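Asks: Please find start_5.csv (CSV, C-alpha atoms) on the next line:
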chain,number,residue,atom,x,y,z
Q,1,MET,CA,-36.0,-41.7,39.1
Q,2,PHE,CA,-38.3,-38.7,39.7
Q,3,ARG,CA,-39.4,-38.2,36.1
Q,4,SER,CA,-42.9,-38.9,35.0
Q,5,ARG,CA,-43.3,-42.0,32.9
Q,6,ALA,CA,-45.8,-40.3,30.6
Q,7,LYS,CA,-43.1,-37.9,29.3
Q,8,GLU,CA,-40.6,-40.7,28.8
Q,9,GLU,CA,-43.1,-42.7,26.7
Q,10,LYS,CA,-44.1,-39.7,24.6
Q,11,ALA,CA,-40.5,-38.6,23.8
Q,12,PRO,CA,-39.4,-41.7,21.8
Q,13,ALA,CA,-42.5,-41.6,19.8
Q,14,VAL,CA,-41.8,-38.0,18.7
Q,15,LYS,CA,-38.2,-38.8,18.0
Q,16,ALA,CA,-39.2,-41.8,15.9
Q,17,GLN,CA,-41.6,-39.6,13.9
Q,18,VAL,CA,-39.0,-36.9,13.2
Q,19,THR,CA,-36.3,-39.4,12.2
Q,20,GLY,CA,-38.7,-41.5,10.2
Q,21,SER,CA,-40.0,-38.5,8.2
Q,22,SER,CA,-36.6,-37.0,7.3
Q,23,GLN,CA,-34.1,-39.1,5.4
Q,24,PRO,CA,-30.6,-39.2,6.9
Q,25,ARG,CA,-27.8,-37.8,4.7
Q,26,ASP,CA,-25.5,-40.3,3.2
Q,27,PRO,CA,-22.0,-39.7,4.5
Q,28,GLN,CA,-20.7,-40.3,0.9
Q,29,ALA,CA,-23.0,-37.6,-0.6
Q,30,ARG,CA,-21.8,-34.2,-1.6
Q,31,LYS,CA,-22.5,-31.2,0.7
Q,32,GLY,CA,-23.7,-28.9,-2.0
Q,33,ARG,CA,-20.8,-26.4,-2.0
Q,34,PRO,CA,-17.1,-26.6,-2.7
Q,35,THR,CA,-14.6,-26.8,0.2
Q,36,PRO,CA,-12.8,-23.5,0.5
Q,37,LYS,CA,-9.0,-23.4,0.0
Q,38,ARG,CA,-7.0,-23.1,3.1
Q,39,SER,CA,-5.8,-19.6,2.1
Q,40,GLU,CA,-9.4,-18.4,1.6
Q,41,ALA,CA,-10.5,-19.9,4.9
Q,42,GLN,CA,-7.6,-18.3,6.8
Q,43,SER,CA,-8.2,-14.9,5.2
Q,44,GLN,CA,-11.9,-15.1,6.2
Q,45,ARG,CA,-10.9,-15.9,9.7
Q,46,ARG,CA,-8.4,-13.0,9.8
Q,47,GLY,CA,-11.1,-10.7,8.4
Q,48,VAL,CA,-13.5,-11.7,11.2
Q,49,ALA,CA,-10.7,-11.4,13.8
Q,50,SER,CA,-9.6,-7.9,12.6
Q,51,THR,CA,-13.1,-6.4,12.7
Q,52,PRO,CA,-13.6,-4.1,15.7
Q,53,VAL,CA,-15.4,-5.8,18.6
Q,54,SER,CA,-16.5,-2.8,20.7
Q,55,ARG,CA,-19.0,-0.1,19.8
Q,56,LYS,CA,-16.4,2.6,20.3
Q,57,ASP,CA,-14.2,1.1,17.6
Q,58,THR,CA,-17.1,0.6,15.2
Q,59,ALA,CA,-18.2,4.3,15.7
Q,60,LYS,CA,-14.6,5.5,15.2
Q,61,ARG,CA,-14.3,3.4,12.0
Q,62,GLN,CA,-17.6,4.8,10.7
Q,63,ARG,CA,-16.5,8.4,11.4
Q,64,GLU,CA,-13.2,7.8,9.6
Q,65,ASP,CA,-15.1,6.3,6.6
Q,66,ARG,CA,-17.5,9.2,6.5
Q,67,ARG,CA,-14.6,11.7,6.7
Q,68,GLN,CA,-12.9,10.1,3.8
Q,69,ALA,CA,-16.1,10.0,1.7
Q,70,LEU,CA,-16.7,13.8,2.4
Q,71,GLU,CA,-13.1,14.5,1.5
Q,72,ARG,CA,-13.5,12.6,-1.8
Q,73,GLN,CA,-16.7,14.5,-2.4
Q,74,ARG,CA,-15.1,17.9,-1.7
Q,75,ARG,CA,-12.3,17.1,-4.1
Q,76,ALA,CA,-14.8,16.0,-6.7
Q,77,LEU,CA,-16.8,19.2,-6.3
Q,78,ALA,CA,-13.6,21.2,-6.8
Q,79,GLY,CA,-12.4,19.2,-9.8
Q,80,GLY,CA,-15.6,17.9,-11.3
Q,81,ASP,CA,-14.9,14.2,-10.9
Q,82,GLU,CA,-18.3,12.5,-11.7
Q,83,ARG,CA,-17.6,9.4,-9.6
Q,84,TYR,CA,-17.6,11.1,-6.2
Q,85,LEU,CA,-20.1,13.9,-6.8
Q,86,PRO,CA,-23.2,14.1,-4.6
Q,87,ALA,CA,-26.3,12.4,-6.1
Q,88,ARG,CA,-27.9,15.8,-6.9
Q,89,ASP,CA,-25.0,16.7,-9.2
Q,90,LYS,CA,-24.4,13.3,-10.9
Q,91,GLY,CA,-25.3,12.4,-14.5
Q,92,PRO,CA,-24.9,13.8,-18.0
Q,93,VAL,CA,-28.1,15.9,-17.8
Q,94,ARG,CA,-27.0,17.7,-14.6
Q,95,LYS,CA,-23.6,18.2,-16.1
Q,96,PHE,CA,-25.0,19.8,-19.3
Q,97,ALA,CA,-27.3,22.0,-17.2
Q,98,ARG,CA,-24.3,23.2,-15.1
Q,99,ASP,CA,-22.2,23.8,-18.2
Q,100,TRP,CA,-25.0,25.7,-20.0
Q,101,VAL,CA,-25.6,28.0,-17.0
Q,102,ASP,CA,-21.8,28.5,-16.5
Q,103,SER,CA,-21.3,29.5,-20.2
Q,104,ARG,CA,-23.6,32.5,-20.0
Q,105,ILE,CA,-24.0,35.7,-18.0
Q,106,ASN,CA,-27.0,35.5,-15.7
Q,107,VAL,CA,-28.7,38.5,-14.1
Q,108,ALA,CA,-29.5,36.4,-11.0
Q,109,GLU,CA,-25.8,35.8,-10.2
Q,110,PHE,CA,-25.4,39.5,-9.5
Q,111,PHE,CA,-28.4,39.6,-7.1
Q,112,LEU,CA,-26.3,39.4,-3.9
Q,113,PRO,CA,-23.9,42.2,-4.7
Q,114,LEU,CA,-26.8,44.4,-6.0
Q,115,ALA,CA,-28.8,43.6,-2.9
Q,116,ILE,CA,-26.0,44.8,-0.6
Q,117,VAL,CA,-25.7,48.1,-2.6
Q,118,ILE,CA,-29.4,48.6,-2.5
Q,119,LEU,CA,-29.6,48.0,1.3
Q,120,ILE,CA,-26.7,50.5,1.8
Q,121,LEU,CA,-28.6,53.1,-0.3
Q,122,SER,CA,-31.8,52.5,1.6
Q,123,VAL,CA,-30.1,53.2,5.0
Q,124,VAL,CA,-29.1,56.7,3.8
Q,125,ARG,CA,-31.4,59.3,5.4
Q,126,VAL,CA,-31.9,61.2,2.1
Q,127,PRO,CA,-35.4,60.6,0.7
Q,128,SER,CA,-34.4,60.9,-2.9
Q,129,VAL,CA,-31.7,58.2,-2.4
Q,130,GLN,CA,-34.1,55.9,-0.6
Q,131,SER,CA,-36.6,56.3,-3.5
Q,132,ILE,CA,-33.8,55.4,-6.0
Q,133,ALA,CA,-33.0,52.3,-3.9
Q,134,LEU,CA,-36.6,51.2,-4.0
Q,135,LEU,CA,-36.7,51.7,-7.7
Q,136,LEU,CA,-33.4,49.8,-8.2
Q,137,TRP,CA,-34.8,47.0,-6.0
Q,138,ALA,CA,-37.9,46.7,-8.2
Q,139,ILE,CA,-35.8,46.8,-11.4
Q,140,VAL,CA,-33.4,44.1,-10.2
Q,141,ILE,CA,-36.3,41.8,-9.2
Q,142,VAL,CA,-38.1,42.2,-12.5
Q,143,LEU,CA,-34.9,41.6,-14.5
Q,144,ILE,CA,-34.1,38.5,-12.5
Q,145,VAL,CA,-37.6,37.1,-13.0
Q,146,ILE,CA,-37.5,37.8,-16.8
Q,147,ASP,CA,-34.0,36.4,-17.2
Q,148,SER,CA,-34.8,33.3,-15.1
Q,149,ALA,CA,-38.0,32.6,-17.2
Q,150,PHE,CA,-36.1,33.0,-20.5
Q,151,SER,CA,-33.2,30.9,-19.2
Q,152,GLY,CA,-35.5,28.2,-18.0
Q,153,TYR,CA,-37.3,28.0,-21.3
Q,154,ARG,CA,-34.1,27.9,-23.3
Q,155,LEU,CA,-32.5,25.3,-21.0
Q,156,ARG,CA,-35.6,23.1,-21.2
Q,157,LYS,CA,-35.5,23.3,-25.0
Q,158,ARG,CA,-31.8,22.4,-25.2
Q,159,LEU,CA,-32.1,19.5,-22.7
Q,160,ALA,CA,-35.0,18.1,-24.8
Q,161,GLU,CA,-32.9,18.3,-28.0
Q,162,LYS,CA,-29.8,16.8,-26.4
Q,163,PHE,CA,-31.4,14.2,-24.1
Q,164,PRO,CA,-34.7,13.2,-25.7
Q,165,ASP,CA,-35.0,9.7,-24.1
Q,166,VAL,CA,-33.4,10.5,-20.7
Q,167,ASN,CA,-35.2,11.5,-17.5
Q,168,ARG,CA,-34.7,15.3,-17.2
Q,169,ARG,CA,-36.8,15.9,-14.2
Q,170,GLY,CA,-35.5,18.7,-11.9
Q,171,ALA,CA,-32.6,19.6,-14.3
Q,172,VAL,CA,-34.1,23.1,-15.1
Q,173,ALA,CA,-34.7,24.0,-11.5
Q,174,TYR,CA,-31.1,22.7,-10.8
Q,175,GLY,CA,-29.7,25.0,-13.5
Q,176,LEU,CA,-31.8,28.0,-12.3
Q,177,MET,CA,-30.6,27.5,-8.7
Q,178,ARG,CA,-27.0,27.4,-9.9
Q,179,SER,CA,-27.6,30.7,-11.8
Q,180,LEU,CA,-28.4,32.4,-8.5
Q,181,GLN,CA,-24.9,31.8,-7.2
Q,182,LEU,CA,-21.8,33.9,-7.9
Q,183,ARG,CA,-19.7,32.1,-10.5
Q,184,ARG,CA,-16.6,31.7,-8.3
Q,185,LEU,CA,-18.7,30.3,-5.5
Q,186,ARG,CA,-20.5,27.6,-7.5
Q,187,LEU,CA,-19.9,23.9,-6.7
Q,188,PRO,CA,-19.0,21.9,-8.6
Q,189,LYS,CA,-16.6,24.4,-10.0
Q,190,PRO,CA,-17.4,25.7,-13.6
Q,191,GLN,CA,-15.8,23.6,-16.3
Q,192,VAL,CA,-16.5,25.9,-19.2
Q,193,LYS,CA,-15.6,29.5,-19.9
Q,194,ARG,CA,-18.2,32.2,-20.5
Q,195,GLY,CA,-19.4,32.2,-24.1
Q,196,GLU,CA,-18.2,28.7,-24.7
Q,197,ARG,CA,-20.8,26.2,-26.0
Q,198,PRO,CA,-21.4,23.3,-23.7
Show the structure stored in the file as structure tokens.

Replies:
Amino acid sequence: MFRSRAKEEKAPAVKAQVTGSSQPRDPQARKGRPTPKRSEAQSQRRGVASTPVSRKDTAKRQREDRRQALERQRRALAGGDERYLPARDKGPVRKFARDWVDSRINVAEFFLPLAIVILILSVVRVPSVQSIALLLWAIVIVLIVIDSAFSGYRLRKRLAEKFPDVNRRGAVAYGLMRSLQLRRLRLPKPQVKRGERP
């Protein structure tokens, strides 16, 4: 009653154009996908219904998933299970670098205990003991640098022999960082004994 006539006249024209341009679907035609079985449809509905609705439930579920993933990762680091290791420890190249470092004695792994001894010696108020501590400090640093350079060269060479066509980027640095840690504190735990060839 109070509508404008211009709008009423334009509306059917637009509808006619839209319906005229697109062909209506034949009721007998296929819909393009198979009808799901009743059991599948019910399981999908149950899955949707069982998902948490509130943000609090979602956050709780994510925390639980994260906790389980970290637990799996911790067990993998202790046992060496490749499936659940962190990304930085995965792969045959990293495993070989770990085993190669673990199979030999590195000067760098004794850095922490030696540093504690040297610091204790440097606190003593006897000048001769302090000079010995400074000399020991210099010797330890030089030995670590020489051993790390030699180890890095040998590890790079062994990796090139064993994995010629694989990306070895970062594996030498990974091995050298591992050599700085005490053997019993290394994660993943060492899988080879000292002197054993990886």

Asks: Near stretch 189-197 of chain Q, counting all atoms listed in the file, which residues have an atom at most 6 Å away, once you skip same-chain residues fewer than 2 positions from it, shown as number ranges by chain?

Replies: Q: 78, 102-104, 186-187

Asks: Take atom CA of Q:Lys162 and atom CA of Q:Pro92 and report the distance between them in Å, one decimal.

Replies: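 Atom-to-atom, atom CA of Q:Lys162 to atom CA of Q:Pro92, that is 10.2 Å.
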
Asks: Which residues are close to Q:Leu143, i.e. within 10 Å by all atoms listed in the file, leaving aside same-chain residues fewer than 6 positions away? Reply as a ChimeraX atom specification.

Replies: /Q:107-108,149

Asks: Taking all atoms listed in the file into account, name the residue in Q:Ile141, Q:Val93, Q:Val129, Q:Ala76 that is nearest to Q:Gly175.

Replies: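 For Q:Gly175, the nearest of the candidates is Q:Val93.
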
Asks: Mind checking which residues fall within 10 Å of Q:Arg178, counting all atoms listed in the file, ignoring those fewer than 3 positions away in the same chain, and posting them as a list in words?

Replies: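 Everything that qualifies: Ala97, Arg98, Val101, Asp102, Asn106, Ala108, Glu109, Val172, Ala173, Tyr174, Gly175, Gln181, Leu182, Arg183, Leu185, Arg186, Leu187 and Pro188 of chain Q.
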
Asks: Report as a ChimeraX atom specification all protein, DNA and RNA residues lying within 10 Å of Q:Gln130, evaluated on all atoms listed in the file, omitting residues in the same chain fewer than 6 positions from it.

Replies: /Q:118-124,136

Asks: Can you write just those residues out, C-alpha atoms, as a PDB file, in the frame of the given file?

Replies:
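Result file is again34.pdb:
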ATOM      1  CA  ILE Q 118     -29.400  48.600  -2.500  1.00  0.00           C
ATOM      2  CA  LEU Q 119     -29.600  48.000   1.300  1.00  0.00           C
ATOM      3  CA  ILE Q 120     -26.700  50.500   1.800  1.00  0.00           C
ATOM      4  CA  LEU Q 121     -28.600  53.100  -0.300  1.00  0.00           C
ATOM      5  CA  SER Q 122     -31.800  52.500   1.600  1.00  0.00           C
ATOM      6  CA  VAL Q 123     -30.100  53.200   5.000  1.00  0.00           C
ATOM      7  CA  VAL Q 124     -29.100  56.700   3.800  1.00  0.00           C
ATOM      8  CA  LEU Q 136     -33.400  49.800  -8.200  1.00  0.00           C
TER       9      LEU Q 136
END

Asks: Using only C-alpha atoms, which residues sit within 10 Å of Q:Lys95 once same-chain residues fewer than 5 positions away are excluded, as a count of residues only?

Replies: 10

Asks: Could you work out how far atom CA of Q:Arg168 lies from atom CA of Q:Arg156, giving the answer in Å with one decimal?

Replies: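 Distance between the two atoms: 8.8 Å.
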
Asks: Hey, can you check how far atom CA of Q:Ser54 sits from atom CA of Q:Glu71?

Replies: 26.1 Å

Asks: Give the answer as one residue: which of Q:Tyr153, Q:Ile105, Q:Pro86, Q:Ser128 has the shortest atom-to-atom distance to Q:Ala69, using all atoms listed in the file?

Replies: Q:Pro86
